[in-house]
Amino acid sequence: MAAPETGREPVVSMRDIVKIYPDGTVALRGVNLDIYPGEVLGLLGENGAGKTTLMKILAGFLKPTSGYILLRGRRVVWHSAAEALRHGIGMVHQHLSLVPVFTAYENIILGLPSRMLAGARQRIEKLMEETGLEVPLDEVVELLSFGEQQRVEILRMLFRNVDVLILDEPTTNLTPNETETLFNAIRKLKQQGKSIVFITHKLREVLEITDRIVVMRRGRVVGELPRAMADPRLLARMMVGREVLMRVEKPPAKPGEVVLRVENLWVKRDIGTWGVRGVSFEIRAGEIFGIAGVEGNGQAELVEAITGLRRVERGKIYFLGRDVTNLGPAELYRMGMAHVPEDRRSTGLIMDMNVVENSILGLHRWERFLRNKWGMLNWAAAEEHAKELVKKYEIAAPGLYSPVKYLSGGNQQKLLLGREISKNPKLIVAAQPTRGLDVAATEYVRRMLVALRNQGHAVLLVSSDTDEVMQLSDRIAVMYRGRFVVVTRPEEVTEEKLGLYMGGIEQA
Amino acid sequence: MPESAALIFAVGVLNAMTPILLTAVGEIIAERAGVVNIGLEGIIMIGAMAATMAAEGFGPLAGLLAGIGVGALLGLLHAVLTAYLKGDHVIPGIGVNTLALGLVPFMLIVYWGSAGQHTVPRYAQVPKIAGYISPMPFIAILIAVAAWYILFKTPTGLKLRSVGENPVAADTVGILVERTQAVAVVVGAALAGLAGAFMSIDWLGVLTKEIAAGRGFIALALVVFSNWNPLWALGGALLFGTFDSLSQWLKVLHTGIPDTLINTLPYVVTLIAVAGVLGRVQPPRHAGIPYRRE
Amino acid sequence: MTVTAGNSLLERLRRDPRMHEAVLRFGESIIALVIGLTIGAVILWVSGYSPGEAYYYLFQSSLLDTYGLTSTLSFATPVLLTGLTFAIGARAGLFNIGAEGQLYMGALGATLLAWLAMHVPLLDSPLGTLVGLLLGAALGAGLALIAAMLRVYRGVHEVVSTIMLNWIAYWLVYYLQSQKLYWPKDPTKSIPVPPGARLPLLLPGTELSASFLIAIGFTVFTYYLLWHMVHGYELRASGLSPRAARYAGIDPNRSIMLAFVLGGVAAGLAGAGEVMGRPPHYAITSGLSNLVNMGFDGITVALIGANHPLGMIPAAIFIGALNAGSRAMQAFAGVPLEMVRIVEGVIIIALAVPGILHMIEEYLRRKRELREIAAKEAEASQAG
């Protein structure tokens, strides 16, 4: 253990924390972590490494499957987030939990007993002055910028005198100026003796603001070092790691004609800001084009725009030579596009429908599944189709007529992938196709994608798993803040280098 | 209009306003905490019945308390089903309304031995100021103002509204979501029960098998129309009360304006209001949605 | 190894998830019915009646007697249709409680036919029947369409809009019945449907008319639509997951429109069927007294039948039996017929408890899975 200042007792210790979610996902596999007073601890790792889960357990939002927490040496069990908060541990989530129609002031004092409200306003104002986290107290929160809303949450925690403040990816939606304000506040809080846990996957930030860095990967702590000893290359290598997976064999690509061409694409996010800011590329038949990047840098919006689920504001998309900008998904599927969406549970499959019904989702209006022009479904054909998928992709299901919610994540993904492949597509768009899957299923899916490419399909792979992109892609783009910062080939780049691009440290 | 006639008209308006106001304010409290209860019509009816029973046995005060108590019990039932068991918010209300449609006429026959209606004896009725002015309308107005004050001017109200707007946020800062919702629904339903008691043992002095006559639904409309604000509900209830009394007068005066068509007015106005034609109304964002953790 | 027939049936029930689900839902409905009848019995007993006697006359007269059975089926007819209104909506993810008002509009459609027939004698014929049913269906669908458009274009929740529309329809039809379309010979009812345009009785001397066949037909149609046609598939997909529906190229708003309009047609037919098919009035009576609550009873039917058209047929017969048998119960056991509403109300409240059997099963499943996973993890960590 590399305690930063020997002789000081940790304020919080987490011991042997294991977390298995009800759906069977193993998020943490025995994690130990100490947090010392007056330090900024960087918790670094890729998506799905378990950082957020670990901190949610510390802040009382989740209960560990096993393991325990020591607070100043005493063992504690949280029954709620509120209890953790009362004991001085507060967490600011990526998705803020404020009451949108309340004012900033109301949000800060919400839930406090009346005896703590005397002079609250003055104390909040003093707090804002001390930390530099200024917000208009009487403005309704939903009218504030994201950065201001985040400050409201931090102030809410500070007003409750937290000793440990956990910030989950706090800079994702901040402007550079707002980030600077936040960092200054963090430095001041540290001087007051507070501990700050800074969850991130941005190398630059972790090097700028933290004192000590803990790196997580696949539910484990894989490294710990003081900032002084850290450098971006080392961190990137620790973060990405070597997978235990077998390498997928890949013969040289034989690219054919252009299948998809994207020209200067601009797409907005839900909240109205630009998600994709001028992206151009093309994919040919028989190649895998991989887009790497930390999540939230516009990949989701790009995928949705290509697959007809999100409006293109500017630019053009050509599929098989035809202008398909803002064409709906049904039409695109018919032309030969397949889409493995990043959220299979809420988008790609319907959990309460059975395997047969899910096996025709999106293909349900195809002639082979209709008996006549009145729209009578041919269930015999659908059942046959589902049976084929189950056999071909070795899907373990309780039965063809079981709701897919009773299938494991890996089998759900096989069903989804199999269904999309059964469209015999010219292009497969696969977003985070192995997220949350176990090793065997991950390997299966990856082999599948390579096999498709070998058969001459074009594949667009979007993944925040660097290793996956490196292994599978014939060409790689790294997306950062809505743009491609580099487009290269796997043999021309190292994972480390890729990590630096993803962290926004290097630009091509 | 002679002075006394004006006074009688005003009293009529106040009386007609009261049950709708009490019920609407109660539902505003419940919905502000995120629980929708469409069983108000049934609660008014059962409240009216229970109040009559208790008042005939133990006097008008007991009657009012019985109305409140029965309302609170039905509210508790709703709270258990919605806040704790996370069930659907609408179905129990339909059940309570149906139950009331059976229970009240059944009890009229079984308990009072009369089909259709039962006149509440004088001793069981709420005593009137100056012979014809009930204190209840003023109490209802006080309740509405107090509800507004508590909802919008106190930390308690802030907590309650946070549960209806974003229960996750409320949960995070230690507000007990389920308990807050339960209290709000019980209080809200108790007010509907009081409204029923007022109708039977005060205003009308008679218990009929269709005593609520749609007032539970008018109150629901008023909740939306008032933008979930008790003070606006007070204004709206006064308006409805005026219409109600006016239509009685119009009937007396034989003007030929069909009162059946006038009856659609509150509903039409509410539909227009929710459609956003008259500016926006903003329901509590988590109203009617069961809150589940993790 | 010997396998008895009983075992293999049980085995099949356990294996086929659709059967399994149906059994669970059936069990939950039965529990609710038992709770309803039990609480009803307690109320009867407390009120000094004999529950046994009351229930004997209730069900004897409605199910075991030919006239009673036809009466039961005739009462099952409108509530089956209005039940479909709710069920189709529920399958599309809606809470359409507007069948009550849509049924009034359907009855108004049939009454308009009666009024037209006064001026156009040609309509005193099966052609008139057709026109009346079409008018009823159209008016029911029209009212539903308002709620649909408010939902799709203005985001108004259908619970609010349909409650308002129910009352608007009530007072509108009330007004027309009493002021415009009343029968001069007996102003307490509307102009009756002329004999030639009435729905024929299936058995002379009973109240069971061809509207029963319409209801059954519509039920079968709905079943086919939801589970054997692509439109129904899309409707259910939208209801279960609007996001996934959009991903699959389905427009959830179209499903909402379809569900509302079909539901409106069902309720409209129910209302028109009541006016055109039920002796002796063949009209709307004062205060809509021969129509009220038929829409809300449909919600009970849908809930008991688990929103499945085929499950709703027995559910409708049960509710029909309560209504039909209540008269004999009143006549012979002296119990006020309103008793059946109490039972019905309790059943609805019992059905509002979220799936008891499902909850138990889910809990057991989760416990088992967690145990298995924990065991697997422990094994893996020992091995590693």
# chains A, B, ... in the order shown; residues from 1 in each chain; ligands from 1
>>> residues_around(residues="Gly214 (chain B)", least_positions_apart="4", cutoff="10 Å", atoms="only C-alpha atoms", output="list in words")
Ile20, Leu40, Glu41, Gly42, Ile44, Glu210, Ile218, Ala219 and Leu220 of chain B; Trp167 of chain C
>>> closest_atom_pairs(of="chain A", to="chain C", cutoff="7 Å", atoms="only C-alpha atoms", output="Markdown table")
| residue | atom | partner | partner_atom | distance |
| --- | --- | --- | --- | --- |
| A:Pro22 | CA | C:Leu370 | CA | 6.9 |
| A:Gly24 | CA | C:Ile373 | CA | 6.8 |
| A:Leu309 | CA | C:Tyr247 | CA | 6.8 |
| A:Gly328 | CA | C:Gly249 | CA | 6.7 |
| A:Pro329 | CA | C:Gly249 | CA | 4.9 |
| A:Ala330 | CA | C:Gly249 | CA | 4.3 |
| A:Ser346 | CA | C:Ala244 | CA | 6.3 |
| A:Thr347 | CA | C:Ala244 | CA | 4.1 |
| A:Gly348 | CA | C:Ala244 | CA | 5.9 |
| A:Leu349 | CA | C:Ala244 | CA | 6.4 |
| A:Ile350 | CA | C:Ser241 | CA | 6.4 |
| A:Leu361 | CA | C:Ala248 | CA | 6.0 |
| A:Gly362 | CA | C:Ala248 | CA | 4.0 |
| A:His364 | CA | C:Val230 | CA | 6.9 |
| A:Arg365 | CA | C:Val230 | CA | 7.0 |
| A:Gly375 | CA | C:Val230 | CA | 5.2 |
| A:Met376 | CA | C:Met229 | CA | 4.3 |
| A:Leu377 | CA | C:Met229 | CA | 5.0 |
| A:Tyr401 | CA | C:Pro17 | CA | 6.0 |
| A:Ser402 | CA | C:Pro17 | CA | 5.3 |
>>> interface_residues(of="chain B", to="chain C", cutoff="10 Å", atoms="only C-alpha atoms", output="ChimeraX atom specification")
/B:38,77-78,80-82,85-111,115,214,217-218,220-221,224,258-272,274-277
>>> interface_residues(of="chain B", to="chain A", cutoff="10 Å", atoms="only C-alpha atoms", output="VMD selection string")
chain B and resid 154 to 156 158 to 176 282 284 to 285 293 to 294
>>> write_last_selection(atoms="N, CA, C and O atoms", output="short mmCIF file (atom, residue, chain, number, x, y, z; two decimals), in the first residue's frame")
data_model
loop_
_atom_site.label_atom_id
_atom_site.label_comp_id
_atom_site.auth_asym_id
_atom_site.auth_seq_id
_atom_site.Cartn_x
_atom_site.Cartn_y
_atom_site.Cartn_z
N THR B 154 -42.93 26.17 3.44
CA THR B 154 -42.27 25.55 4.58
C THR B 154 -41.34 24.42 4.11
O THR B 154 -41.52 23.88 3.02
N PRO B 155 -40.35 24.07 4.93
CA PRO B 155 -39.46 22.95 4.59
C PRO B 155 -40.24 21.65 4.40
O PRO B 155 -39.89 20.83 3.55
N THR B 156 -41.30 21.47 5.18
CA THR B 156 -42.11 20.26 5.04
C THR B 156 -42.69 20.17 3.63
O THR B 156 -42.68 19.12 2.99
N LEU B 158 -41.54 21.62 0.99
CA LEU B 158 -40.44 21.42 0.05
C LEU B 158 -40.14 19.93 -0.06
O LEU B 158 -39.96 19.38 -1.16
N LYS B 159 -40.09 19.26 1.09
CA LYS B 159 -39.83 17.82 1.09
C LYS B 159 -40.92 17.08 0.33
O LYS B 159 -40.65 16.24 -0.52
N LEU B 160 -42.16 17.43 0.64
CA LEU B 160 -43.28 16.74 0.01
C LEU B 160 -43.23 16.91 -1.51
O LEU B 160 -43.36 15.95 -2.26
N ARG B 161 -43.00 18.14 -1.95
CA ARG B 161 -42.98 18.37 -3.40
C ARG B 161 -41.79 17.70 -4.06
O ARG B 161 -41.87 17.24 -5.20
N SER B 162 -40.66 17.63 -3.35
CA SER B 162 -39.49 17.00 -3.96
C SER B 162 -39.77 15.53 -4.26
O SER B 162 -39.30 14.99 -5.26
N VAL B 163 -40.57 14.90 -3.41
CA VAL B 163 -40.91 13.49 -3.64
C VAL B 163 -41.72 13.33 -4.92
O VAL B 163 -41.55 12.37 -5.68
N GLY B 164 -42.60 14.28 -5.19
CA GLY B 164 -43.41 14.20 -6.39
C GLY B 164 -42.67 14.61 -7.64
O GLY B 164 -43.05 14.24 -8.75
N GLU B 165 -41.61 15.40 -7.46
CA GLU B 165 -40.87 15.88 -8.63
C GLU B 165 -39.72 14.93 -8.99
O GLU B 165 -39.52 14.62 -10.15
N ASN B 166 -38.95 14.54 -8.01
CA ASN B 166 -37.80 13.68 -8.26
C ASN B 166 -37.49 12.87 -7.02
O ASN B 166 -36.68 13.27 -6.19
N PRO B 167 -38.14 11.71 -6.88
CA PRO B 167 -37.97 10.92 -5.66
C PRO B 167 -36.53 10.47 -5.44
O PRO B 167 -36.12 10.28 -4.30
N VAL B 168 -35.75 10.33 -6.52
CA VAL B 168 -34.36 9.94 -6.35
C VAL B 168 -33.62 11.01 -5.56
O VAL B 168 -32.90 10.73 -4.60
N ALA B 169 -33.83 12.26 -5.95
CA ALA B 169 -33.18 13.37 -5.25
C ALA B 169 -33.61 13.41 -3.80
O ALA B 169 -32.80 13.61 -2.89
N ALA B 170 -34.90 13.19 -3.57
CA ALA B 170 -35.43 13.22 -2.21
C ALA B 170 -34.80 12.10 -1.39
O ALA B 170 -34.35 12.31 -0.25
N ASP B 171 -34.74 10.94 -1.98
CA ASP B 171 -34.18 9.77 -1.32
C ASP B 171 -32.73 10.04 -0.91
O ASP B 171 -32.31 9.73 0.20
N THR B 172 -31.98 10.65 -1.83
CA THR B 172 -30.56 10.90 -1.60
C THR B 172 -30.31 11.73 -0.36
O THR B 172 -29.35 11.53 0.35
N VAL B 173 -31.19 12.72 -0.11
CA VAL B 173 -30.95 13.58 1.04
C VAL B 173 -31.72 13.12 2.27
O VAL B 173 -31.87 13.85 3.22
N GLY B 174 -32.21 11.87 2.22
CA GLY B 174 -32.74 11.30 3.44
C GLY B 174 -34.21 11.51 3.68
O GLY B 174 -34.70 11.28 4.78
N ILE B 175 -34.94 11.97 2.65
CA ILE B 175 -36.39 12.09 2.81
C ILE B 175 -36.99 10.70 2.61
O ILE B 175 -36.64 10.00 1.65
N LEU B 176 -37.87 10.30 3.49
CA LEU B 176 -38.48 8.97 3.38
C LEU B 176 -39.60 9.03 2.36
O LEU B 176 -40.69 9.53 2.64
N GLN B 282 -48.17 22.48 -15.44
CA GLN B 282 -47.03 21.58 -15.26
C GLN B 282 -47.30 20.61 -14.13
O GLN B 282 -47.21 20.96 -12.97
N PRO B 284 -46.73 17.64 -11.41
CA PRO B 284 -45.52 17.11 -10.75
C PRO B 284 -44.94 16.01 -11.64
O PRO B 284 -45.68 15.18 -12.14
N ARG B 285 -43.62 16.03 -11.82
CA ARG B 285 -43.06 15.18 -12.88
C ARG B 285 -43.10 13.70 -12.58
O ARG B 285 -42.96 12.89 -13.48
N ARG B 293 -36.44 1.48 -6.33
CA ARG B 293 -35.00 1.72 -6.22
C ARG B 293 -34.20 0.66 -6.98
O ARG B 293 -34.66 -0.45 -7.14
N GLU B 294 -32.98 1.02 -7.34
CA GLU B 294 -31.98 0.14 -7.97
C GLU B 294 -32.42 -0.59 -9.22
O GLU B 294 -33.59 -0.64 -9.54
#
>>> select_by_dssp(residues="region 153-372 of chain A", states="strand (DSSP E or B)", output="ChimeraX atom specification")
/A:164-168,195-200,212-217,220-226,258-268,274-284,288-292,312-319,322-323,337-340,354,370
>>> closest_residue(among="A:Val258, A:Val294, A:Leu41, A:Leu207", to="Gly456 (chain A)", atoms="only C-alpha atoms")
A:Val258
>>> atom_distance(atom1="CA of Val486 (chain A)", atom2="CA of Ile505 (chain A)")
12.0 Å
>>> select_by_dssp(residues="region 64-278 of chain B", states="alpha helix (DSSP H)", output="PyMOL selection string")
chain B and resi 64-79+91-112+136-153+155-165+167-172+177-198+215-225+230-253+259-262+265-274
>>> residues_around(residues="Tyr182 (chain C)", least_positions_apart="5", cutoff="10 Å", atoms="only C-alpha atoms", output="list of chain:residue names")
C:Thr111, C:Trp115, C:Tyr175, C:Leu176, C:Gln177, C:Pro187, C:Thr188, C:Lys189, C:Ser190, C:Ile191, C:Pro192, C:Ala283, C:Ile284, C:Thr285, C:Ser286
>>> write_last_selection(atoms="N, CA and C atoms", output="CSV table (one decimal), in the first residue's frame")
chain,number,residue,atom,x,y,z
C,111,THR,N,-79.1,6.1,-31.6
C,111,THR,CA,-80.3,7.0,-31.5
C,111,THR,C,-80.4,8.0,-32.7
C,115,TRP,N,-83.6,8.5,-35.1
C,115,TRP,CA,-84.2,9.8,-35.5
C,115,TRP,C,-84.2,9.9,-37.0
C,175,TYR,N,-78.1,15.8,-22.6
C,175,TYR,CA,-78.8,17.0,-23.2
C,175,TYR,C,-79.6,16.6,-24.4
C,176,LEU,N,-78.9,15.9,-25.3
C,176,LEU,CA,-79.6,15.5,-26.6
C,176,LEU,C,-80.8,14.6,-26.3
C,177,GLN,N,-80.6,13.6,-25.3
C,177,GLN,CA,-81.7,12.7,-25.0
C,177,GLN,C,-82.9,13.5,-24.5
C,187,PRO,N,-91.2,11.1,-22.9
C,187,PRO,CA,-90.0,11.9,-22.9
C,187,PRO,C,-88.9,11.4,-22.0
C,188,THR,N,-89.1,10.4,-21.2
C,188,THR,CA,-88.1,9.9,-20.3
C,188,THR,C,-87.1,9.0,-21.1
C,189,LYS,N,-87.4,8.8,-22.4
C,189,LYS,CA,-86.5,8.1,-23.2
C,189,LYS,C,-86.3,8.7,-24.6
C,190,SER,N,-85.3,8.3,-25.3
C,190,SER,CA,-85.1,8.8,-26.6
C,190,SER,C,-86.0,8.1,-27.6
C,191,ILE,N,-85.9,8.6,-28.8
C,191,ILE,CA,-86.7,8.0,-29.9
C,191,ILE,C,-86.2,6.5,-30.0
C,192,PRO,N,-87.1,5.5,-29.9
C,192,PRO,CA,-86.7,4.2,-30.0
C,192,PRO,C,-86.3,3.8,-31.4
C,283,ALA,N,-83.7,2.3,-26.7
C,283,ALA,CA,-83.5,3.7,-26.6
C,283,ALA,C,-82.6,4.0,-25.5
C,284,ILE,N,-82.2,5.3,-25.4
C,284,ILE,CA,-81.5,5.8,-24.2
C,284,ILE,C,-82.5,6.3,-23.2
C,285,THR,N,-82.4,5.8,-22.0
C,285,THR,CA,-83.4,6.2,-21.0
C,285,THR,C,-82.8,7.4,-20.2
C,286,SER,N,-83.8,8.1,-19.5
C,286,SER,CA,-83.4,9.3,-18.8
C,286,SER,C,-82.2,9.2,-17.9
>>> atom_distance(atom1="CA of Thr200 (chain A)", atom2="CA of Asn47 (chain A)")
9.5 Å
>>> residues_around(residues="Val187 (chain B)", least_positions_apart="3", cutoff="7 Å", atoms="only C-alpha atoms", output="list of chain:residue names")
B:Gly26, B:Ala72, B:Val183, B:Ala184, B:Ala190, B:Leu191
>>> write_last_selection(atoms="N, CA and C atoms", output="short mmCIF file (atom, residue, chain, number, x, y, z; two decimals), in the first residue's frame")
data_model
loop_
_atom_site.label_atom_id
_atom_site.label_comp_id
_atom_site.auth_asym_id
_atom_site.auth_seq_id
_atom_site.Cartn_x
_atom_site.Cartn_y
_atom_site.Cartn_z
N GLY B 26 -57.13 18.28 -1.27
CA GLY B 26 -56.60 16.99 -0.82
C GLY B 26 -55.84 16.29 -1.93
N ALA B 72 -59.48 8.88 5.53
CA ALA B 72 -58.09 8.56 5.84
C ALA B 72 -57.82 7.06 5.66
N VAL B 183 -48.36 9.71 3.92
CA VAL B 183 -48.98 10.78 4.71
C VAL B 183 -49.80 11.70 3.79
N ALA B 184 -49.21 12.05 2.65
CA ALA B 184 -49.90 12.96 1.73
C ALA B 184 -51.21 12.35 1.23
N ALA B 190 -58.49 12.10 3.42
CA ALA B 190 -59.28 12.53 4.58
C ALA B 190 -60.07 13.79 4.22
N LEU B 191 -59.46 14.68 3.45
CA LEU B 191 -60.17 15.90 3.06
C LEU B 191 -61.36 15.56 2.15
#
>>> residues_around(residues="region 460-468 of chain A", least_positions_apart="3", cutoff="7 Å", atoms="only C-alpha atoms", output="JSON, numbers by chain")
{"A": [47, 240, 288, 289, 290, 291, 292, 293, 294, 295, 428, 429, 430, 431, 432, 471, 472, 495]}
>>> residues_around(residues="Lys423 (chain A)", least_positions_apart="4", cutoff="12 Å", atoms="only C-alpha atoms", output="ChimeraX atom specification")
/A:330,332-340,359-364,366,368,385,389,416-419,427-428,457
>>> atom_distance(atom1="CA of Ala90 (chain C)", atom2="CA of Ala215 (chain C)")
18.8 Å
>>> residues_around(residues="Glu388 (chain A)", least_positions_apart="2", cutoff="12 Å", atoms="only C-alpha atoms", output="MDAnalysis selection string")
chainID A and resid 355:356 359 381:386 390:395 400 415 418:419 422
>>> write_last_selection(atoms="C-alpha atoms", output="PDB file, in the first residue's frame")
ATOM      1  CA  VAL A 355     -37.506 -15.348 -28.167  1.00  0.00           C
ATOM      2  CA  VAL A 356     -39.612 -15.910 -31.271  1.00  0.00           C
ATOM      3  CA  SER A 359     -36.234 -12.836 -33.399  1.00  0.00           C
ATOM      4  CA  ALA A 381     -41.811 -19.112 -40.289  1.00  0.00           C
ATOM      5  CA  ALA A 382     -40.902 -16.962 -37.300  1.00  0.00           C
ATOM      6  CA  GLU A 383     -40.525 -20.005 -35.080  1.00  0.00           C
ATOM      7  CA  GLU A 384     -38.376 -21.675 -37.701  1.00  0.00           C
ATOM      8  CA  HIS A 385     -36.268 -18.521 -37.873  1.00  0.00           C
ATOM      9  CA  ALA A 386     -35.872 -18.395 -34.089  1.00  0.00           C
ATOM     10  CA  VAL A 390     -30.826 -20.617 -31.416  1.00  0.00           C
ATOM     11  CA  LYS A 391     -29.035 -23.471 -33.121  1.00  0.00           C
ATOM     12  CA  LYS A 392     -26.605 -21.480 -35.201  1.00  0.00           C
ATOM     13  CA  TYR A 393     -25.519 -19.154 -32.411  1.00  0.00           C
ATOM     14  CA  GLU A 394     -25.761 -21.660 -29.562  1.00  0.00           C
ATOM     15  CA  ILE A 395     -28.235 -19.555 -27.633  1.00  0.00           C
ATOM     16  CA  LEU A 400     -38.461 -20.402 -27.588  1.00  0.00           C
ATOM     17  CA  LEU A 415     -29.873 -13.510 -30.142  1.00  0.00           C
ATOM     18  CA  GLY A 418     -27.911 -13.380 -34.806  1.00  0.00           C
ATOM     19  CA  ARG A 419     -31.111 -11.577 -35.685  1.00  0.00           C
ATOM     20  CA  SER A 422     -30.039 -12.801 -40.447  1.00  0.00           C
TER      21      SER A 422
END
